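K.L.:
data38.cif is reproduced below (mmCIF, C-alpha atoms).
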```cif
data_coords
loop_
_atom_site.group_PDB
_atom_site.id
_atom_site.type_symbol
_atom_site.label_atom_id
_atom_site.label_comp_id
_atom_site.auth_asym_id
_atom_site.auth_seq_id
_atom_site.Cartn_x
_atom_site.Cartn_y
_atom_site.Cartn_z
ATOM 1 C CA MET A 13 -6.807 -31.549 -11.083
ATOM 2 C CA GLN A 14 -4.637 -34.085 -9.291
ATOM 3 C CA PRO A 15 -5.381 -35.220 -5.726
ATOM 4 C CA ASN A 16 -1.829 -34.450 -4.539
ATOM 5 C CA GLU A 17 -1.696 -30.909 -5.889
ATOM 6 C CA HIS A 18 -0.952 -28.013 -3.593
ATOM 7 C CA TYR A 19 -4.125 -26.189 -4.641
ATOM 8 C CA THR A 20 -6.297 -29.217 -3.832
ATOM 9 C CA TYR A 21 -4.930 -29.523 -0.305
ATOM 10 C CA LYS A 22 -5.273 -25.820 0.312
ATOM 11 C CA MET A 23 -8.876 -25.652 -0.911
ATOM 12 C CA LEU A 24 -9.827 -28.722 1.107
ATOM 13 C CA GLY A 25 -8.228 -27.080 4.131
ATOM 14 C CA ARG A 26 -10.225 -23.899 3.565
ATOM 15 C CA THR A 27 -13.414 -25.905 3.134
ATOM 16 C CA PHE A 28 -12.901 -27.812 6.375
ATOM 17 C CA TYR A 29 -11.994 -24.536 8.103
ATOM 18 C CA LYS A 30 -15.294 -22.991 6.994
ATOM 19 C CA LEU A 31 -17.070 -26.090 8.310
ATOM 20 C CA LYS A 32 -15.164 -25.627 11.603
ATOM 21 C CA ASP A 33 -13.602 -29.079 11.272
ATOM 22 C CA TYR A 34 -10.298 -27.652 12.464
ATOM 23 C CA GLU A 35 -8.296 -30.875 12.746
ATOM 24 C CA ARG A 36 -8.991 -31.934 9.164
ATOM 25 C CA ALA A 37 -8.394 -28.378 7.964
ATOM 26 C CA LYS A 38 -5.040 -28.228 9.741
ATOM 27 C CA GLU A 39 -4.086 -31.614 8.288
ATOM 28 C CA HIS A 40 -4.761 -30.396 4.724
ATOM 29 C CA PHE A 41 -2.896 -27.116 5.234
ATOM 30 C CA LYS A 42 0.109 -29.062 6.515
ATOM 31 C CA ARG A 43 -0.037 -31.310 3.433
ATOM 32 C CA ALA A 44 -0.174 -28.203 1.234
ATOM 33 C CA LEU A 45 2.941 -26.921 3.003
ATOM 34 C CA LYS A 46 4.753 -30.192 2.311
ATOM 35 C CA VAL A 47 4.120 -29.638 -1.407
ATOM 36 C CA ASP A 48 4.980 -25.903 -1.367
ATOM 37 C CA LYS A 49 6.996 -24.657 1.621
ATOM 38 C CA SER A 50 6.817 -21.046 0.401
ATOM 39 C CA ASP A 51 3.013 -20.914 0.750
ATOM 40 C CA PHE A 52 2.718 -18.388 3.564
ATOM 41 C CA LYS A 53 -1.102 -18.322 3.353
ATOM 42 C CA SER A 54 -1.298 -21.889 4.705
ATOM 43 C CA TYR A 55 0.536 -20.695 7.814
ATOM 44 C CA THR A 56 -1.984 -17.865 8.054
ATOM 45 C CA TYR A 57 -4.882 -20.321 7.902
ATOM 46 C CA ILE A 58 -3.286 -22.564 10.538
ATOM 47 C CA GLY A 59 -2.861 -19.428 12.652
ATOM 48 C CA ASP A 60 -6.566 -18.655 12.149
ATOM 49 C CA ILE A 61 -7.420 -22.149 13.362
ATOM 50 C CA ASN A 62 -5.204 -21.674 16.433
ATOM 51 C CA PHE A 63 -6.801 -18.294 17.073
ATOM 52 C CA ASP A 64 -10.331 -19.728 16.835
ATOM 53 C CA GLN A 65 -9.307 -22.458 19.274
ATOM 54 C CA LYS A 66 -7.937 -19.787 21.647
ATOM 55 C CA GLU A 67 -4.379 -21.110 21.245
ATOM 56 C CA TYR A 68 -3.020 -17.593 20.899
ATOM 57 C CA LYS A 69 0.654 -18.424 21.319
ATOM 58 C CA LYS A 70 0.510 -21.015 18.508
ATOM 59 C CA ALA A 71 -1.449 -18.518 16.405
ATOM 60 C CA MET A 72 1.215 -15.888 17.051
ATOM 61 C CA TYR A 73 3.999 -18.223 15.848
ATOM 62 C CA ASN A 74 2.097 -19.246 12.710
ATOM 63 C CA TYR A 75 1.337 -15.608 11.820
ATOM 64 C CA MET A 76 4.974 -14.711 12.468
ATOM 65 C CA TYR A 77 6.158 -17.500 10.205
ATOM 66 C CA ALA A 78 3.725 -16.369 7.501
ATOM 67 C CA THR A 79 5.140 -12.843 7.667
ATOM 68 C CA PHE A 80 8.724 -14.146 7.464
ATOM 69 C CA ILE A 81 8.257 -16.266 4.348
ATOM 70 C CA GLY A 82 5.593 -14.198 2.552
ATOM 71 C CA LYS A 83 6.787 -12.290 -0.496
ATOM 72 C CA GLU A 84 3.597 -10.427 -1.409
ATOM 73 C CA TYR A 85 1.383 -8.191 0.719
ATOM 74 C CA ARG A 86 1.268 -9.608 4.218
ATOM 75 C CA ASP A 87 -0.865 -6.986 5.909
ATOM 76 C CA ILE A 88 -3.490 -9.584 6.839
ATOM 77 C CA GLU A 89 -0.836 -11.699 8.535
ATOM 78 C CA TYR A 90 0.516 -8.708 10.479
ATOM 79 C CA TYR A 91 -3.026 -7.679 11.434
ATOM 80 C CA GLN A 92 -3.800 -11.177 12.712
ATOM 81 C CA LEU A 93 -0.469 -11.254 14.542
ATOM 82 C CA ALA A 94 -1.481 -8.036 16.298
ATOM 83 C CA ARG A 95 -4.759 -9.642 17.356
ATOM 84 C CA ALA A 96 -2.836 -12.584 18.819
ATOM 85 C CA TYR A 97 -0.546 -10.168 20.694
ATOM 86 C CA GLU A 98 -3.655 -8.436 22.050
ATOM 87 C CA LYS A 99 -4.935 -11.730 23.451
ATOM 88 C CA LEU A 100 -1.487 -12.444 24.927
ATOM 89 C CA ASN A 101 -1.520 -8.982 26.554
ATOM 90 C CA LYS A 102 1.563 -7.705 24.684
ATOM 91 C CA PRO A 103 0.544 -4.138 23.730
ATOM 92 C CA LYS A 104 3.952 -2.955 22.422
ATOM 93 C CA GLU A 105 4.174 -5.897 20.042
ATOM 94 C CA GLU A 106 0.505 -5.410 19.126
ATOM 95 C CA ILE A 107 1.116 -1.779 18.123
ATOM 96 C CA LYS A 108 4.213 -2.733 16.116
ATOM 97 C CA ALA A 109 2.318 -5.475 14.265
ATOM 98 C CA TYR A 110 -0.545 -3.079 13.415
ATOM 99 C CA LYS A 111 2.041 -0.565 12.168
ATOM 100 C CA ASP A 112 3.655 -3.292 10.048
ATOM 101 C CA ALA A 113 0.235 -4.178 8.614
ATOM 102 C CA TYR A 114 -0.379 -0.553 7.702
ATOM 103 C CA LYS A 115 3.140 -0.126 6.292
ATOM 104 C CA GLU A 116 2.643 -3.252 4.174
ATOM 105 C CA ASN A 117 -0.662 -1.962 2.753
ATOM 106 C CA ARG A 118 -1.387 1.770 3.095
ATOM 107 C CA SER A 119 -5.056 1.218 2.247
ATOM 108 C CA ASN A 120 -5.618 -1.050 5.277
ATOM 109 C CA TYR A 121 -7.801 1.418 7.177
ATOM 110 C CA ARG A 122 -8.614 -1.072 9.947
ATOM 111 C CA ALA A 123 -4.935 -1.392 10.824
ATOM 112 C CA LEU A 124 -4.566 2.395 11.011
ATOM 113 C CA PHE A 125 -7.628 2.676 13.251
ATOM 114 C CA GLN A 126 -6.287 -0.079 15.514
ATOM 115 C CA ILE A 127 -2.932 1.713 15.775
ATOM 116 C CA ALA A 128 -4.776 4.798 17.046
ATOM 117 C CA ASN A 129 -7.012 2.807 19.367
ATOM 118 C CA THR A 130 -4.216 0.710 20.879
ATOM 119 C CA THR A 131 -1.800 3.632 21.311
ATOM 120 C CA GLU A 132 -4.532 5.575 23.098
ATOM 121 C CA SER A 133 -4.983 2.712 25.550
ATOM 122 C CA PHE A 134 -1.273 2.068 26.035
ATOM 123 C CA TYR A 135 0.441 5.475 26.119
ATOM 124 C CA LYS A 136 -0.244 8.230 28.635
ATOM 125 C CA ASP A 137 0.394 10.844 25.940
ATOM 126 C CA LYS A 138 -2.904 10.884 24.024
ATOM 127 C CA LYS A 139 -1.396 13.163 21.357
ATOM 128 C CA ILE A 140 0.117 10.079 19.718
ATOM 129 C CA ALA A 141 -3.312 8.502 19.268
ATOM 130 C CA TYR A 142 -4.749 11.875 18.234
ATOM 131 C CA LYS A 143 -2.273 12.023 15.340
ATOM 132 C CA PHE A 144 -3.280 8.528 14.144
ATOM 133 C CA TYR A 145 -7.008 9.277 14.452
ATOM 134 C CA LYS A 146 -6.477 12.471 12.405
ATOM 135 C CA THR A 147 -4.632 10.510 9.732
ATOM 136 C CA TYR A 148 -7.475 7.983 9.677
ATOM 137 C CA MET A 149 -10.046 10.757 9.259
ATOM 138 C CA ASN A 150 -8.058 12.458 6.494
ATOM 139 C CA LYS A 151 -7.549 9.285 4.476
ATOM 140 C CA PHE A 152 -10.472 6.963 5.251
ATOM 141 C CA GLU A 153 -13.409 9.004 6.573
ATOM 142 C CA GLU A 154 -15.737 7.599 3.895
ATOM 143 C CA LYS A 155 -14.537 3.988 4.185
ATOM 144 C CA ASP A 156 -16.305 2.667 7.307
ATOM 145 C CA SER A 157 -19.056 4.673 9.028
ATOM 146 C CA LEU A 158 -18.750 2.820 12.350
ATOM 147 C CA LEU A 159 -14.980 3.294 12.676
ATOM 148 C CA THR A 160 -15.307 6.891 11.466
ATOM 149 C CA SER A 161 -17.897 7.726 14.123
ATOM 150 C CA GLN A 162 -15.685 6.136 16.792
ATOM 151 C CA ALA A 163 -12.675 8.099 15.535
ATOM 152 C CA LYS A 164 -14.689 11.356 15.638
ATOM 153 C CA ILE A 165 -15.737 10.643 19.233
ATOM 154 C CA ARG A 166 -12.181 9.847 20.295
ATOM 155 C CA LEU A 167 -10.801 12.973 18.585
ATOM 156 C CA LYS A 168 -13.384 15.096 20.367
ATOM 157 C CA GLU A 169 -12.618 13.472 23.754
ATOM 158 C CA ILE A 170 -8.850 13.826 23.387
ATOM 159 C CA LYS A 171 -9.232 17.445 22.284
ATOM 160 C CA LYS A 172 -11.462 18.135 25.314
ATOM 161 C CA TYR A 173 -8.961 16.408 27.644
ATOM 162 C CA TYR A 174 -6.104 18.644 26.489
ATOM 163 C CA PHE A 175 -8.309 21.744 26.419
ATOM 164 C CA LEU A 176 -9.133 21.214 30.105
ATOM 165 C CA LYS A 177 -5.378 20.961 30.757
ATOM 166 C CA GLY A 178 -4.881 24.290 29.010
ATOM 167 C CA GLU A 179 -3.549 22.986 25.673
ATOM 168 C CA VAL A 180 -5.149 23.424 22.284
ATOM 169 C CA LEU A 181 -4.674 20.637 19.718
ATOM 170 C CA GLU A 182 -4.765 20.983 15.975
#
```
Could you quickly redo this structure as structure tokens?
P.N.:
Amino acid sequence: MQPNEHYTYKMLGRTFYKLKDYERAKEHFKRALKVDKSDFKSYTYIGDINFDQKEYKKAMYNYMYATFIGKEYRDIEYYQLARAYEKLNKPKEEIKAYKDAYKENRSNYRALFQIANTTESFYKDKKIAYKFYKTYMNKFEEKDSLLTSQAKIRLKEIKKYYFLKGEVLE
């Protein structure tokens, strides 16, 4: 392995990131990008560093850039972008990014749950969230017991809300 290889810089960056030495990690990810400009994962890692340092706007731009240049599954990048939008209090963009994450990888059950959760908070019409929670339950009920129990509670509450208004959901 050569010291100027892309892989070396990237692994050193990940190591320093795990050690929370963010400046050195960022430096190595930037070097990796100089060697291979199409490496969208380095932008994701730099975004993670920005997110950890509560620099949400910088994180947002790095995640966006990762999604623009990435050619393989980018659901993680879209998911992280949604988290940055949440911190920046941009719920419409947050929902769209979660939807993009789910569209990119249909087995990303966390993204689907977050779509339901965020739409419930944002829209007055709870039927939208109800539909997403139902989809989550149909596809991923066995995947994560904590999210499943939360989805069951929310489905029950939304159903009760509409029942008291005189509507029956199903």
K.L.:
Give me the residues within 12 Å of Glu98 of chain A as a PyMOL selection string, counting only C-alpha atoms and dropping any in the same chain fewer than 3 places off.
P.N.:
chain A and resi 63+68-69+71-72+91-95+101-110+126-127+130+133-134
K.L.:
Expressed in Å to a single decimal, how great is the separation between atom CA of Arg36 of chain A and atom CA of Leu100 of chain A?
P.N.:
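We find that atom CA of Arg36 of chain A and atom CA of Leu100 of chain A lie 26.2 Å from each other.
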K.L.:
Using the chain letters and numbers from the file, which residues does the PyMOL selection byres ((chain A and resi 114) around 12) grab, as a ChimeraX atom specification?
P.N.:
/A:85-91,94,107-113,115-128,144,148
K.L.:
Select, from A:Val47, A:Leu176, A:Ala96, A:Leu181, the residue with the minimum atom-to-atom distance to Lys70 of chain A, counting all atoms listed in the file.
P.N.:
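Checking each candidate against Lys70 of chain A, we get A:Ala96 as the closest.
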K.L.:
Pick the closest to Asp64 of chain A from A:Tyr34, A:Lys155, A:Arg26, A:Glu182: which is it, counting only C-alpha atoms?
P.N.:
A:Tyr34
K.L.:
Nearest to Lys99 of chain A: which of A:His18, A:Ser50, A:Glu67, A:Glu84 is it, counting all atoms listed in the file?
P.N.:
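Of A:His18, A:Ser50, A:Glu67, A:Glu84, the one nearest Lys99 of chain A is A:Glu67, counting all atoms listed in the file.
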K.L.:
Please enclose the listed atoms of segment 64-71 of chain A in an axis-aligned box, pad each side by 8 Å, and write out the centre and the three edge lengths in Å, rounded to one decimal, as lines of an AutoDock Vina configuration file.
P.N.:
```
center_x = -4.8
center_y = -20.0
center_z = 19.0
size_x = 27.0
size_y = 20.9
size_z = 21.2
```
K.L.:
Mind giving me the straight-line distance from atom CA of Tyr77 of chain A to atom CA of Phe52 of chain A in Å, one decimal?
P.N.:
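Distance reported for this atom pair: 7.5 Å.
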K.L.:
Take atom CA of Phe152 of chain A and atom CA of Lys83 of chain A and report the distance between them in Å, one decimal.
P.N.:
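Separating atom CA of Phe152 of chain A from atom CA of Lys83 of chain A is a distance of 26.5 Å.
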K.L.:
Let me make sure I understand: among A:Tyr173, A:His40, A:Leu31, A:Ser157, which one has the smallest atom-to-atom distance to Tyr142 of chain A if we use all atoms listed in the file?
P.N.:
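With all atoms listed in the file as the atom set, the closest residue is A:Tyr173.
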K.L.:
Counting all atoms listed in the file, select every polymer residue within 10 Å of (-4.8, -29.1, -1.9) as defined in the file's coordinates, and provide the selection as a ChimeraX atom specification.
P.N.:
/A:13-26,40-45,47
K.L.:
Using the chain letters and residue numbers of this document, give as a count of residues only the residues selected by the PyMOL selection byres ((chain A and resi 61) around 9).
P.N.:
18
